[in-house]
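Visitor: Below: one structure in structure tokens.
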Amino acid sequence: MGSKGFELAVGMSQSWDPSEAGREVVRETLKKVKHKPRFFLLFSTIHFEKEEGGMEKFVEAAYRELPKGTPMIGGTVAGFMSREGCFTRGSAGLACFAPKMDVAIAEGRDTKRSPKAAALQVSKSIRRELSTSRYPNKAFIAVISGARVPNWKGIPRQKVVKDSKKIRFLLKIFETLSSKLQIGPSRDDVIFKEVSRNLKDFVGIGGASTDDLSQEKNFQFFNGKLRKNSIVVLGISSDIEIRPNSSLGLKPSGKRFDITKKSKKGYIIFEIDKKPAVERYLEIMGWDKSILDERLYRKVFYYPMLPAKKGIKEPRMFGLIYGDAFVFPMSPTTDKDLEIYTSSGKDLLESIEKLLEKRGEAESAFMVSCGTRLETMGSRIFDINQRIKERLKGDYLLIYTAGEYIKEREKEGLTLYQSDNALFLDGP
Amino acid sequence: MDSREDRISKILEENLLRLDDVLACMVARKGMEGIVPPSDKFKINDVGVWQVLQKTMNEFFDIIEAYSSYGLNKVYFELGEYDVMFFILPRTDVALIAVISSLANRGLLEVEMENARRQILQVLEEDGQ
């Protein structure tokens with residue numbers, strides 16, 4: 001049984017014109033709800049960036065089209081799916097209404113420079129604004145700026161850069177410099193965990209905003225404003241049941257290793273099993289050094305690393321290969337006994353089935369999956385959408401991001417890669 | 001109302017050719033006979049490369065003709081700096097073809113190729129009624 005009066009609607013636009021798309025996505029979404037929404041989520045692929053100021057125009061137009069005062073957050077994504085189909089170009093909106101629901105939004109800036117401060121700022125603000133709310137179920141949705149491939153002078157802007165004196169020097173100052181310049185690692189592992197610690201009684205979901213996965217730029221949306229290097233959070237307090245779930249769909253390969261030398265903050269891995277990291281990794285995978293170019297990325301993304309032992313599993317994958325070292329957007333959670341995992345198309349379909357198993361009586365959902373899944377599945381992603389469509393009677397929105405987050409009530413927040421996550425929304 | 005050809009050409013131009021990594025696209029059968037957007041909208045300027053691509057694509061149509069009735073859905077080939085994707089229109093020897101940059105994100109482009117294929121099929125169905 002759904003909560004009386006609960007409404008969740010998803011709409012979209014494929015207009016190339018940013019302002020028209022902004023207006024259309026809101027119009028298309030709102031025509032499916034009877035009430036002024038309690039909140040609105042807005043997402044778009046990066047294509048409006050082709051036009052100078054295009055992304056800004058899109059966000060402003062969308063916000064202007066909403067009923068005055070509707071809280072709105074969102075960001076750029078690699079793609080999305082809804083009842084209407086699957087898209088890697090376009091924009092999507094989600095409007096939600098429940099009679100008994102309080103909502104707050106917050107933003108934190110400079111996430112790559114001061115991740116903890118940004119996390120603290122948003123969680124304090126959400127807690128304060130919802131402190132007088134009398135409803136029992138609390139949830140938050142977070143969009144955090146994803147990793148950005150750095151553009152260093154004299155070094156090609158690529159994900160794989162061959163060893164040189166310049167690279168070796170850069171690696172020594174990488175963490176300090178990237179944090180200062182707000183490029184490179186997203187540090188969303190630090191941010192989401194901190195927000196989760198501060199909002200312990202909440203359930204949560206989120207994703208890292210990205211572009212077409214080339215990871216050159218990404219944006220966050222906060223009401224009518226366009227943000228960079230920020231976290232935007234929506235907090236909900238309501239009587240509706242809000243159920244989180246997560247699924248990996250990964251299988252262990254038996255290929256194990258230890259990290260034996262890393263940087264201070266843990267984002268750079270220099271050595272694996274006491275050998276140069278890249279050399280040893282290729283050895284473990286049984287790959288030849290000749291595949292070490294941008295095309296390697298089509299291969300490695302499908303093999304995340306996880307702790308081999310039982311317990312909390314937070315997959316990680318490097319984002320850059322600089323000489324003999326790997327640079328990670330989110331640092332590995334352990335150094336000892338890591339294992340390479342794999343997944344097939346069948347595993348990914350099963351992952352979605354597993355995700356949907358815990359939906360209870362919910363008929364609507366907001367979901368976040370890894371952009372790599374979209375990359376892996378290509379047009380087969382329509383099969384995933386068909387599965388979801390068959391199981392959920394209501395509207396749903398699934399966004400593809402460059403890092404995913406999930407949190408259960410009173411538990412630690414998880415920062416993930418190669419995962420499927422959902423917040424199922426239903427009445428009591 | 002626009003002709004069937006115009007509507008398909010519009011799908012190719014608006015939904016595929018405007019994407020940065022789609023360098024050329026068409027709906028064609030062997031001999032490149034079909035619906036081809038204006039060539040000035042293509043992003044391959046090297047005539048030599050274009051001729052090699054056309055010749056190679058033509059040979060792939062033999063495979064499509066032979067296996068289309070068995071459910072052949074997609075064919076890819078990599079040619080130097082280019083990838084060529086054939087999305088076959090079901091039970092025909094006609095394909096939606098896109099030439100993309102070899103370093104483009106093929107998975108993401110496939111999704112919009114599939115959307116274009118579905119829209120083209122819809123145009124063909126509407127026209128058949």
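Just remember, in the structure tokens the first chain shown is A, the second B, etc., residues are 1-based per chain, and ligands are 1-based in the order shown.
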Distance limit 10 Å, atoms considered: only C-alpha atoms. Which chain B residues sit that close to chain A? Return them as a PyMOL selection string.
Guide: chain B and resi 14-15+18-20+102-115
Visitor: Compile the contact shell of region 117-124 of chain B as a PyMOL selection string: residues with an atom at most 9 Å away, counting only C-alpha atoms, same-chain residues fewer than 6 positions apart removed.
Guide: chain B and resi 4+7-8+11+87-90+95-96
Visitor: Okay, now the selection with N, CA and C atoms, as a tab-separated table (two decimals), in the first residue's frame?
Guide:
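Saved result, out23.tsv, follows:
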```tsv
chain	number	residue	atom	x	y	z
B	4	ARG	N	9.43	10.25	-45.65
B	4	ARG	CA	10.10	9.28	-44.79
B	4	ARG	C	11.61	9.56	-44.75
B	7	ARG	N	12.43	12.55	-42.61
B	7	ARG	CA	12.31	12.29	-41.18
B	7	ARG	C	13.51	11.47	-40.67
B	8	ILE	N	13.94	10.49	-41.46
B	8	ILE	CA	15.09	9.67	-41.05
B	8	ILE	C	16.36	10.51	-41.08
B	11	ILE	N	16.59	12.49	-37.99
B	11	ILE	CA	17.02	11.68	-36.82
B	11	ILE	C	18.55	11.55	-36.84
B	87	PHE	N	24.19	-1.05	-36.83
B	87	PHE	CA	23.02	-1.51	-36.08
B	87	PHE	C	22.00	-1.92	-37.14
B	88	ILE	N	21.76	-3.21	-37.21
B	88	ILE	CA	20.93	-3.71	-38.31
B	88	ILE	C	19.44	-3.51	-38.00
B	89	LEU	N	18.70	-3.06	-38.99
B	89	LEU	CA	17.25	-2.94	-38.79
B	89	LEU	C	16.69	-4.35	-38.91
B	90	PRO	N	15.97	-4.83	-37.91
B	90	PRO	CA	15.59	-6.24	-37.82
B	90	PRO	C	15.01	-6.81	-39.13
B	95	ALA	N	21.16	-1.22	-42.59
B	95	ALA	CA	21.77	-0.94	-41.29
B	95	ALA	C	21.88	0.55	-41.03
B	96	LEU	N	21.80	0.88	-39.76
B	96	LEU	CA	22.14	2.23	-39.31
B	96	LEU	C	23.65	2.18	-39.05
```
Visitor: Enumerate as a PyMOL selection string all residues of region 39-235 of chain A assigned to helix (DSSP H, G or I) by DSSP on the backbone, naming them with the chain letters and numbers the document uses.
Guide: chain A and resi 46-50+54-65+115-129+165-181+188-198
Visitor: Once you count only C-alpha atoms, what closest atom pair and distance in Å to one decimal does each residue of region 57-125 of chain B within 8 Å of region 22-43 of chain B have, with rows by chain and rising residue number, as a Markdown table?
Guide:
```
| residue | atom | partner | partner_atom | distance |
| --- | --- | --- | --- | --- |
| B:Asn58 | CA | B:Lys30 | CA | 5.6 |
| B:Phe61 | CA | B:Lys30 | CA | 5.5 |
| B:Asp62 | CA | B:Lys30 | CA | 7.7 |
| B:Asp93 | CA | B:Arg29 | CA | 6.1 |
| B:Val94 | CA | B:Arg29 | CA | 4.6 |
| B:Ala95 | CA | B:Ala28 | CA | 5.6 |
| B:Leu96 | CA | B:Val27 | CA | 4.4 |
| B:Ile97 | CA | B:Cys25 | CA | 5.3 |
| B:Ala98 | CA | B:Cys25 | CA | 4.2 |
| B:Val99 | CA | B:Ala24 | CA | 5.1 |
| B:Ile100 | CA | B:Val22 | CA | 4.7 |
| B:Ser101 | CA | B:Leu23 | CA | 7.0 |
```
Visitor: Please produce a file of those selected residues containing C-alpha atoms, as a CSV table (one decimal), in the first residue's frame.
Guide:
```csv
chain,number,residue,atom,x,y,z
B,58,ASN,CA,30.5,-2.5,-48.3
B,61,PHE,CA,27.1,-5.9,-45.9
B,62,ASP,CA,27.8,-9.4,-47.3
B,93,ASP,CA,19.7,-6.0,-45.1
B,94,VAL,CA,19.6,-2.4,-44.1
B,95,ALA,CA,21.8,-0.9,-41.3
B,96,LEU,CA,22.1,2.2,-39.3
B,97,ILE,CA,25.9,3.0,-39.6
B,98,ALA,CA,28.0,5.3,-37.6
B,99,VAL,CA,31.7,6.0,-37.9
B,100,ILE,CA,33.1,7.1,-34.6
B,101,SER,CA,36.5,8.1,-33.2
```
Visitor: With only C-alpha atoms as the counted atoms, please give the residues lying no more than 10 Å from Pro307 (chain A), apart from itself and same-chain residues fewer than 3 positions off, as a ChimeraX atom specification.
Guide: /A:252,256-258,310-316,332-341
Visitor: Go ahead and write the residues just picked, C-alpha atoms, as a compact mmCIF listing (two decimals), in the first residue's frame.
Guide:
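Wrote it out as part.txt, contents follow:
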```
# COMPACT_ATOMS: atom_id res chain seq x y z
CA PRO A 252 36.12 -12.74 -7.10
CA ARG A 256 45.15 -11.17 -5.05
CA PHE A 257 47.80 -8.65 -4.06
CA ASP A 258 49.00 -6.26 -1.35
CA LYS A 310 34.52 -10.97 4.27
CA GLY A 311 33.02 -7.74 5.59
CA ILE A 312 32.37 -4.33 4.11
CA LYS A 313 33.09 -4.37 0.40
CA GLU A 314 33.84 -1.03 -1.20
CA PRO A 315 35.17 -1.55 -4.75
CA ARG A 316 37.89 0.74 -6.01
CA PRO A 332 41.47 1.81 -1.41
CA THR A 333 40.01 0.93 2.00
CA THR A 334 42.79 -1.52 2.88
CA ASP A 335 46.34 -2.32 1.77
CA LYS A 336 46.39 -6.01 2.61
CA ASP A 337 44.90 -8.83 0.61
CA LEU A 338 43.05 -7.02 -2.14
CA GLU A 339 41.40 -9.05 -4.86
CA ILE A 340 40.45 -8.33 -8.46
CA TYR A 341 36.74 -8.86 -9.14
```
Visitor: Can you list every residue in region 101-292 of chain A that DSSP puts in strand (DSSP E), as number ranges by chain?
Guide: A: 101-108, 137-145, 160-161, 203-209, 220-222, 225-227, 231-238, 241-247, 251-257, 259-262, 268-272, 275-276
Visitor: Quick one: everything within 10 Å of region 144-147 of chain A, counting only C-alpha atoms, minus sequence neighbours fewer than 3 positions away in the same chain. Send it as number ranges by chain.
Guide: A: 74-77, 107-112, 119, 150, 182-188, 191-192, 206-211, 213, 215-220, 227-233, 319, 328-330, 401-405
Visitor: Could you turn the residues from that selection into a file that holds N, CA and C atoms, as a compact mmCIF listing (two decimals), in the first residue's frame?
Guide:
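File written: again07.txt
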```txt
# COMPACT_ATOMS: atom_id res chain seq x y z
N GLY A 74 20.90 18.62 -7.97
CA GLY A 74 21.18 17.67 -9.05
C GLY A 74 22.60 17.83 -9.55
N GLY A 75 22.82 17.36 -10.76
CA GLY A 75 24.16 17.47 -11.31
C GLY A 75 24.27 16.81 -12.67
N THR A 76 25.48 16.83 -13.20
CA THR A 76 25.69 16.20 -14.51
C THR A 76 26.00 14.71 -14.33
N VAL A 77 25.51 13.93 -15.27
CA VAL A 77 25.64 12.47 -15.20
C VAL A 77 26.06 11.92 -16.57
N GLU A 107 24.48 23.13 0.56
CA GLU A 107 25.63 22.95 -0.32
C GLU A 107 26.92 23.21 0.44
N GLY A 108 27.96 22.51 0.04
CA GLY A 108 29.28 22.71 0.60
C GLY A 108 30.25 22.89 -0.55
N ARG A 109 31.16 23.84 -0.42
CA ARG A 109 32.06 24.15 -1.54
C ARG A 109 33.45 23.58 -1.32
N ASP A 110 34.25 23.64 -2.37
CA ASP A 110 35.67 23.26 -2.34
C ASP A 110 35.89 21.84 -1.82
N THR A 111 35.16 20.91 -2.41
CA THR A 111 35.20 19.53 -1.91
C THR A 111 36.55 18.86 -2.08
N LYS A 112 37.30 19.25 -3.10
CA LYS A 112 38.59 18.59 -3.32
C LYS A 112 39.68 19.22 -2.44
N ALA A 119 31.75 18.61 4.01
CA ALA A 119 30.82 17.59 4.52
C ALA A 119 30.16 18.06 5.80
N PRO A 150 43.51 15.77 -14.54
CA PRO A 150 44.22 17.05 -14.51
C PRO A 150 44.77 17.46 -15.88
N GLN A 182 42.07 21.80 -6.96
CA GLN A 182 40.76 21.13 -7.09
C GLN A 182 40.61 20.35 -8.39
N ILE A 183 41.60 19.52 -8.65
CA ILE A 183 41.55 18.61 -9.79
C ILE A 183 41.96 17.23 -9.29
N GLY A 184 41.87 16.25 -10.16
CA GLY A 184 42.29 14.91 -9.74
C GLY A 184 41.26 14.21 -8.88
N PRO A 185 41.70 13.51 -7.80
CA PRO A 185 40.79 12.69 -7.00
C PRO A 185 39.58 13.45 -6.50
N SER A 186 38.44 12.78 -6.51
CA SER A 186 37.19 13.43 -6.10
C SER A 186 37.12 13.60 -4.58
N ARG A 187 37.77 12.70 -3.85
CA ARG A 187 37.76 12.68 -2.38
C ARG A 187 36.36 12.51 -1.83
N ASP A 188 35.46 11.98 -2.65
CA ASP A 188 34.08 11.76 -2.20
C ASP A 188 34.01 10.65 -1.16
N ILE A 191 34.22 12.59 1.94
CA ILE A 191 33.03 13.46 2.10
C ILE A 191 31.80 12.66 2.51
N PHE A 192 31.52 11.60 1.75
CA PHE A 192 30.27 10.86 2.03
C PHE A 192 30.32 10.20 3.40
N GLY A 206 23.62 8.45 -3.15
CA GLY A 206 24.22 9.55 -3.91
C GLY A 206 25.14 9.08 -5.00
N GLY A 207 25.71 10.05 -5.69
CA GLY A 207 26.62 9.72 -6.77
C GLY A 207 27.55 10.88 -7.06
N ALA A 208 28.64 10.58 -7.75
CA ALA A 208 29.62 11.59 -8.14
C ALA A 208 29.25 12.11 -9.52
N SER A 209 29.08 13.42 -9.63
CA SER A 209 28.71 14.00 -10.92
C SER A 209 29.88 13.85 -11.90
N THR A 210 29.55 13.71 -13.16
CA THR A 210 30.58 13.45 -14.16
C THR A 210 30.14 13.99 -15.52
N ASP A 211 30.98 13.78 -16.52
CA ASP A 211 30.60 14.15 -17.89
C ASP A 211 30.34 12.85 -18.66
N LEU A 213 32.19 10.53 -19.02
CA LEU A 213 33.18 9.64 -18.42
C LEU A 213 34.61 9.93 -18.89
N GLN A 215 35.82 12.52 -17.89
CA GLN A 215 36.17 13.12 -16.59
C GLN A 215 37.03 14.38 -16.70
N GLU A 216 36.59 15.24 -17.61
CA GLU A 216 37.27 16.52 -17.73
C GLU A 216 36.57 17.59 -16.91
N LYS A 217 35.22 17.52 -16.88
CA LYS A 217 34.49 18.49 -16.07
C LYS A 217 33.18 17.90 -15.57
N ASN A 218 32.66 18.47 -14.52
CA ASN A 218 31.36 18.05 -14.02
C ASN A 218 30.78 19.18 -13.19
N PHE A 219 29.45 19.17 -13.05
CA PHE A 219 28.77 20.27 -12.34
C PHE A 219 27.72 19.73 -11.37
N GLN A 220 27.43 20.57 -10.36
CA GLN A 220 26.36 20.27 -9.43
C GLN A 220 25.32 21.40 -9.54
N ARG A 227 27.15 24.80 -9.90
CA ARG A 227 28.31 24.72 -9.02
C ARG A 227 29.37 23.78 -9.56
N LYS A 228 30.63 24.03 -9.14
CA LYS A 228 31.76 23.14 -9.44
C LYS A 228 32.37 22.74 -8.10
N ASN A 229 33.04 21.60 -8.06
CA ASN A 229 33.76 21.18 -6.85
C ASN A 229 32.93 21.37 -5.58
N SER A 230 31.69 20.94 -5.65
CA SER A 230 30.78 21.13 -4.52
C SER A 230 30.05 19.83 -4.19
N ILE A 231 29.44 19.85 -3.02
CA ILE A 231 28.50 18.79 -2.65
C ILE A 231 27.16 19.46 -2.47
N VAL A 232 26.12 18.86 -3.04
CA VAL A 232 24.76 19.37 -2.81
C VAL A 232 23.97 18.23 -2.18
N VAL A 233 23.22 18.56 -1.16
CA VAL A 233 22.49 17.52 -0.42
C VAL A 233 21.04 17.93 -0.22
N GLY A 319 41.99 5.79 -11.50
CA GLY A 319 41.47 6.69 -12.53
C GLY A 319 42.54 7.15 -13.49
N PHE A 328 44.10 6.99 -7.73
CA PHE A 328 42.70 6.60 -7.47
C PHE A 328 41.83 7.83 -7.18
N PRO A 329 40.57 7.84 -7.66
CA PRO A 329 39.66 8.92 -7.27
C PRO A 329 39.23 8.77 -5.81
N MET A 330 39.03 7.51 -5.38
CA MET A 330 38.70 7.21 -3.98
C MET A 330 39.76 6.22 -3.52
N THR A 401 26.61 7.51 -12.67
CA THR A 401 27.58 8.47 -12.14
C THR A 401 29.00 7.89 -12.14
N ALA A 402 29.94 8.63 -11.58
CA ALA A 402 31.34 8.18 -11.55
C ALA A 402 31.76 7.83 -10.13
N GLY A 403 30.92 7.15 -9.42
CA GLY A 403 31.12 6.80 -8.02
C GLY A 403 29.75 6.82 -7.39
N GLU A 404 29.45 5.84 -6.55
CA GLU A 404 28.11 5.72 -5.97
C GLU A 404 28.21 5.62 -4.46
N TYR A 405 27.13 6.05 -3.79
CA TYR A 405 27.13 6.01 -2.33
C TYR A 405 25.79 5.45 -1.83
```
Visitor: Neighbouring residues of Met72 (chain A) were defined as those with any atom within 12 Å, considering only C-alpha atoms; residues of the same chain fewer than 4 positions away were excluded. Please report them as an mmCIF file with C-alpha atoms, in the first residue's frame.
Guide:
```cif
data_model
loop_
_atom_site.group_PDB
_atom_site.id
_atom_site.type_symbol
_atom_site.label_atom_id
_atom_site.label_comp_id
_atom_site.auth_asym_id
_atom_site.auth_seq_id
_atom_site.Cartn_x
_atom_site.Cartn_y
_atom_site.Cartn_z
ATOM 1 C CA VAL A 26 10.282 20.519 -15.556
ATOM 2 C CA PRO A 37 6.496 19.072 -5.336
ATOM 3 C CA ARG A 38 8.233 18.937 -1.978
ATOM 4 C CA PHE A 39 11.497 18.667 -3.921
ATOM 5 C CA PHE A 40 12.837 18.367 -7.444
ATOM 6 C CA LEU A 41 15.934 16.478 -8.634
ATOM 7 C CA LEU A 42 17.488 17.657 -11.894
ATOM 8 C CA PHE A 43 20.114 15.801 -13.920
ATOM 9 C CA VAL A 59 19.766 25.045 -14.688
ATOM 10 C CA GLU A 60 18.383 28.583 -14.466
ATOM 11 C CA ALA A 62 14.615 24.645 -15.060
ATOM 12 C CA TYR A 63 14.528 26.396 -11.700
ATOM 13 C CA ARG A 64 12.475 29.311 -13.054
ATOM 14 C CA GLU A 65 9.910 26.850 -14.411
ATOM 15 C CA LEU A 66 9.412 25.238 -10.992
ATOM 16 C CA PRO A 67 6.812 26.558 -8.552
ATOM 17 C CA LYS A 68 8.490 29.244 -6.450
ATOM 18 C CA GLY A 93 13.790 15.495 -13.602
ATOM 19 C CA LEU A 94 12.189 13.843 -10.590
ATOM 20 C CA ALA A 95 9.434 15.516 -8.624
ATOM 21 C CA CYS A 96 8.228 14.163 -5.296
ATOM 22 C CA VAL A 103 12.714 18.971 3.137
ATOM 23 C CA ALA A 104 15.978 20.867 3.462
ATOM 24 C CA ILE A 105 18.814 21.418 1.021
ATOM 25 C CA ALA A 106 22.421 22.428 1.606
ATOM 26 C CA GLU A 107 25.626 22.952 -0.323
ATOM 27 C CA ILE A 141 20.430 12.393 -1.362
ATOM 28 C CA ALA A 142 23.928 13.679 -2.165
ATOM 29 C CA VAL A 143 25.588 14.733 -5.398
ATOM 30 C CA GLN A 220 26.357 20.272 -9.433
ATOM 31 C CA PHE A 221 23.004 22.045 -9.373
ATOM 32 C CA PHE A 222 21.733 23.921 -6.322
ATOM 33 C CA ASN A 223 18.378 25.589 -6.828
ATOM 34 C CA GLY A 224 18.975 27.739 -9.918
ATOM 35 C CA LYS A 225 22.735 27.838 -9.529
ATOM 36 C CA LEU A 226 25.499 25.934 -11.254
ATOM 37 C CA VAL A 232 24.763 19.371 -2.806
ATOM 38 C CA VAL A 233 22.494 17.522 -0.416
ATOM 39 C CA LEU A 234 18.754 17.109 -0.049
ATOM 40 C CA GLY A 235 17.478 16.035 3.348
#
```
Visitor: Have a look at CA of Asn245 (chain A) and CA of Ile399 (chain A) and let me know their distance in Å, one decimal.
Guide: 15.1 Å
Visitor: List the neighbours of Leu398 (chain A) out to 9 Å using only C-alpha atoms; skip same-chain residues closer than 6 positions along the sequence, and give me the result as a PDB file with C-alpha atoms, in the first residue's frame.
Guide:
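Dumped to out.pdb:
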```pdb
ATOM      1  CA  GLY A  79      23.371   8.914 -18.645  1.00  0.00           C
ATOM      2  CA  PHE A  80      20.034   7.970 -17.131  1.00  0.00           C
ATOM      3  CA  MET A  81      17.059   5.697 -17.542  1.00  0.00           C
ATOM      4  CA  SER A  82      13.412   5.958 -16.683  1.00  0.00           C
ATOM      5  CA  ALA A 365      12.601   4.539  -6.791  1.00  0.00           C
ATOM      6  CA  PHE A 366      15.546   6.832  -7.217  1.00  0.00           C
ATOM      7  CA  MET A 367      18.561   4.789  -8.269  1.00  0.00           C
ATOM      8  CA  VAL A 368      22.276   5.393  -8.810  1.00  0.00           C
ATOM      9  CA  SER A 369      24.520   3.064 -10.798  1.00  0.00           C
ATOM     10  CA  ASN A 421      21.947   1.410  -5.591  1.00  0.00           C
ATOM     11  CA  ALA A 422      18.382   2.420  -4.864  1.00  0.00           C
TER      12      ALA A 422
END
```
Visitor: Which residues are near Ser344 (chain A)? Cut-off 10 Å, only C-alpha atoms, ignore same chain within fewer than 3 positions. Put them as a list of chain:residue names.
Guide: A:Gly249, A:Leu250, A:Lys251, A:Tyr302, A:Asp347, A:Leu348, A:Leu349, A:Glu350, A:Thr376, A:Met377
Visitor: Could those selected residues go to a file with all heavy atoms, as a PDB file, in the first residue's frame?
Guide:
```pdb
ATOM      1  N   GLY A 249      27.083  -7.250  -7.826  1.00  0.00           N
ATOM      2  CA  GLY A 249      27.092  -8.144  -8.997  1.00  0.00           C
ATOM      3  C   GLY A 249      28.501  -8.450  -9.476  1.00  0.00           C
ATOM      4  O   GLY A 249      28.755  -8.558 -10.671  1.00  0.00           O
ATOM      5  N   LEU A 250      29.432  -8.553  -8.518  1.00  0.00           N
ATOM      6  CA  LEU A 250      30.832  -8.825  -8.878  1.00  0.00           C
ATOM      7  C   LEU A 250      31.253 -10.190  -8.345  1.00  0.00           C
ATOM      8  O   LEU A 250      30.770 -10.642  -7.308  1.00  0.00           O
ATOM      9  CB  LEU A 250      31.741  -7.743  -8.275  1.00  0.00           C
ATOM     10  CG  LEU A 250      31.501  -6.309  -8.725  1.00  0.00           C
ATOM     11  CD1 LEU A 250      32.264  -5.344  -7.838  1.00  0.00           C
ATOM     12  CD2 LEU A 250      31.926  -6.125 -10.176  1.00  0.00           C
ATOM     13  N   LYS A 251      32.178 -10.815  -9.060  1.00  0.00           N
ATOM     14  CA  LYS A 251      32.670 -12.127  -8.620  1.00  0.00           C
ATOM     15  C   LYS A 251      34.182 -12.071  -8.404  1.00  0.00           C
ATOM     16  O   LYS A 251      34.897 -11.467  -9.204  1.00  0.00           O
ATOM     17  CB  LYS A 251      32.392 -13.157  -9.719  1.00  0.00           C
ATOM     18  CG  LYS A 251      30.941 -13.570  -9.798  1.00  0.00           C
ATOM     19  CD  LYS A 251      30.771 -14.603 -10.890  1.00  0.00           C
ATOM     20  CE  LYS A 251      29.311 -14.951 -11.067  1.00  0.00           C
ATOM     21  NZ  LYS A 251      29.019 -15.431 -12.399  1.00  0.00           N
ATOM     22  N   TYR A 302      36.445  -2.874 -15.924  1.00  0.00           N
ATOM     23  CA  TYR A 302      35.562  -3.995 -15.580  1.00  0.00           C
ATOM     24  C   TYR A 302      36.162  -4.880 -14.498  1.00  0.00           C
ATOM     25  O   TYR A 302      35.622  -5.912 -14.167  1.00  0.00           O
ATOM     26  CB  TYR A 302      35.229  -4.822 -16.836  1.00  0.00           C
ATOM     27  CG  TYR A 302      34.930  -3.961 -18.039  1.00  0.00           C
ATOM     28  CD1 TYR A 302      35.408  -4.269 -19.309  1.00  0.00           C
ATOM     29  CD2 TYR A 302      34.151  -2.813 -17.892  1.00  0.00           C
ATOM     30  CE1 TYR A 302      35.144  -3.444 -20.391  1.00  0.00           C
ATOM     31  CE2 TYR A 302      33.895  -1.993 -18.971  1.00  0.00           C
ATOM     32  CZ  TYR A 302      34.392  -2.306 -20.211  1.00  0.00           C
ATOM     33  OH  TYR A 302      34.130  -1.495 -21.279  1.00  0.00           O
ATOM     34  N   ASP A 347      25.883 -11.069 -14.918  1.00  0.00           N
ATOM     35  CA  ASP A 347      26.043 -10.647 -13.518  1.00  0.00           C
ATOM     36  C   ASP A 347      25.382  -9.279 -13.295  1.00  0.00           C
ATOM     37  O   ASP A 347      24.800  -9.031 -12.242  1.00  0.00           O
ATOM     38  CB  ASP A 347      27.531 -10.534 -13.147  1.00  0.00           C
ATOM     39  CG  ASP A 347      28.238 -11.876 -13.179  1.00  0.00           C
ATOM     40  OD1 ASP A 347      27.585 -12.896 -12.913  1.00  0.00           O
ATOM     41  OD2 ASP A 347      29.443 -11.902 -13.485  1.00  0.00           O
ATOM     42  N   LEU A 348      25.504  -8.413 -14.296  1.00  0.00           N
ATOM     43  CA  LEU A 348      24.954  -7.064 -14.142  1.00  0.00           C
ATOM     44  C   LEU A 348      23.421  -7.097 -14.140  1.00  0.00           C
ATOM     45  O   LEU A 348      22.780  -6.337 -13.409  1.00  0.00           O
ATOM     46  CB  LEU A 348      25.480  -6.131 -15.233  1.00  0.00           C
ATOM     47  CG  LEU A 348      27.007  -5.960 -15.275  1.00  0.00           C
ATOM     48  CD1 LEU A 348      27.406  -4.890 -16.273  1.00  0.00           C
ATOM     49  CD2 LEU A 348      27.575  -5.599 -13.909  1.00  0.00           C
ATOM     50  N   LEU A 349      22.861  -7.993 -14.942  1.00  0.00           N
ATOM     51  CA  LEU A 349      21.398  -8.149 -14.933  1.00  0.00           C
ATOM     52  C   LEU A 349      20.948  -8.709 -13.586  1.00  0.00           C
ATOM     53  O   LEU A 349      19.948  -8.271 -13.012  1.00  0.00           O
ATOM     54  CB  LEU A 349      20.959  -9.097 -16.051  1.00  0.00           C
ATOM     55  CG  LEU A 349      20.781  -8.482 -17.441  1.00  0.00           C
ATOM     56  CD1 LEU A 349      20.567  -9.557 -18.485  1.00  0.00           C
ATOM     57  CD2 LEU A 349      19.603  -7.518 -17.462  1.00  0.00           C
ATOM     58  N   GLU A 350      21.711  -9.673 -13.075  1.00  0.00           N
ATOM     59  CA  GLU A 350      21.366 -10.277 -11.781  1.00  0.00           C
ATOM     60  C   GLU A 350      21.508  -9.273 -10.648  1.00  0.00           C
ATOM     61  O   GLU A 350      20.765  -9.318  -9.671  1.00  0.00           O
ATOM     62  CB  GLU A 350      22.260 -11.497 -11.520  1.00  0.00           C
ATOM     63  CG  GLU A 350      21.743 -12.714 -12.263  1.00  0.00           C
ATOM     64  CD  GLU A 350      22.696 -13.901 -12.221  1.00  0.00           C
ATOM     65  OE1 GLU A 350      23.667 -13.878 -11.448  1.00  0.00           O
ATOM     66  OE2 GLU A 350      22.459 -14.846 -12.994  1.00  0.00           O
ATOM     67  N   THR A 376      29.886  -0.622 -20.164  1.00  0.00           N
ATOM     68  CA  THR A 376      30.027  -2.055 -20.395  1.00  0.00           C
ATOM     69  C   THR A 376      28.851  -2.608 -21.191  1.00  0.00           C
ATOM     70  O   THR A 376      29.026  -3.374 -22.132  1.00  0.00           O
ATOM     71  CB  THR A 376      30.040  -2.828 -19.043  1.00  0.00           C
ATOM     72  OG1 THR A 376      30.841  -2.138 -18.131  1.00  0.00           O
ATOM     73  CG2 THR A 376      30.508  -4.247 -19.207  1.00  0.00           C
ATOM     74  N   MET A 377      27.658  -2.212 -20.792  1.00  0.00           N
ATOM     75  CA  MET A 377      26.453  -2.809 -21.382  1.00  0.00           C
ATOM     76  C   MET A 377      26.106  -2.198 -22.740  1.00  0.00           C
ATOM     77  O   MET A 377      25.484  -2.850 -23.564  1.00  0.00           O
ATOM     78  CB  MET A 377      25.254  -2.637 -20.440  1.00  0.00           C
ATOM     79  CG  MET A 377      25.392  -3.329 -19.104  1.00  0.00           C
ATOM     80  SD  MET A 377      25.208  -5.117 -19.211  1.00  0.00           S
ATOM     81  CE  MET A 377      23.440  -5.328 -19.288  1.00  0.00           C
TER      82      MET A 377
END
```
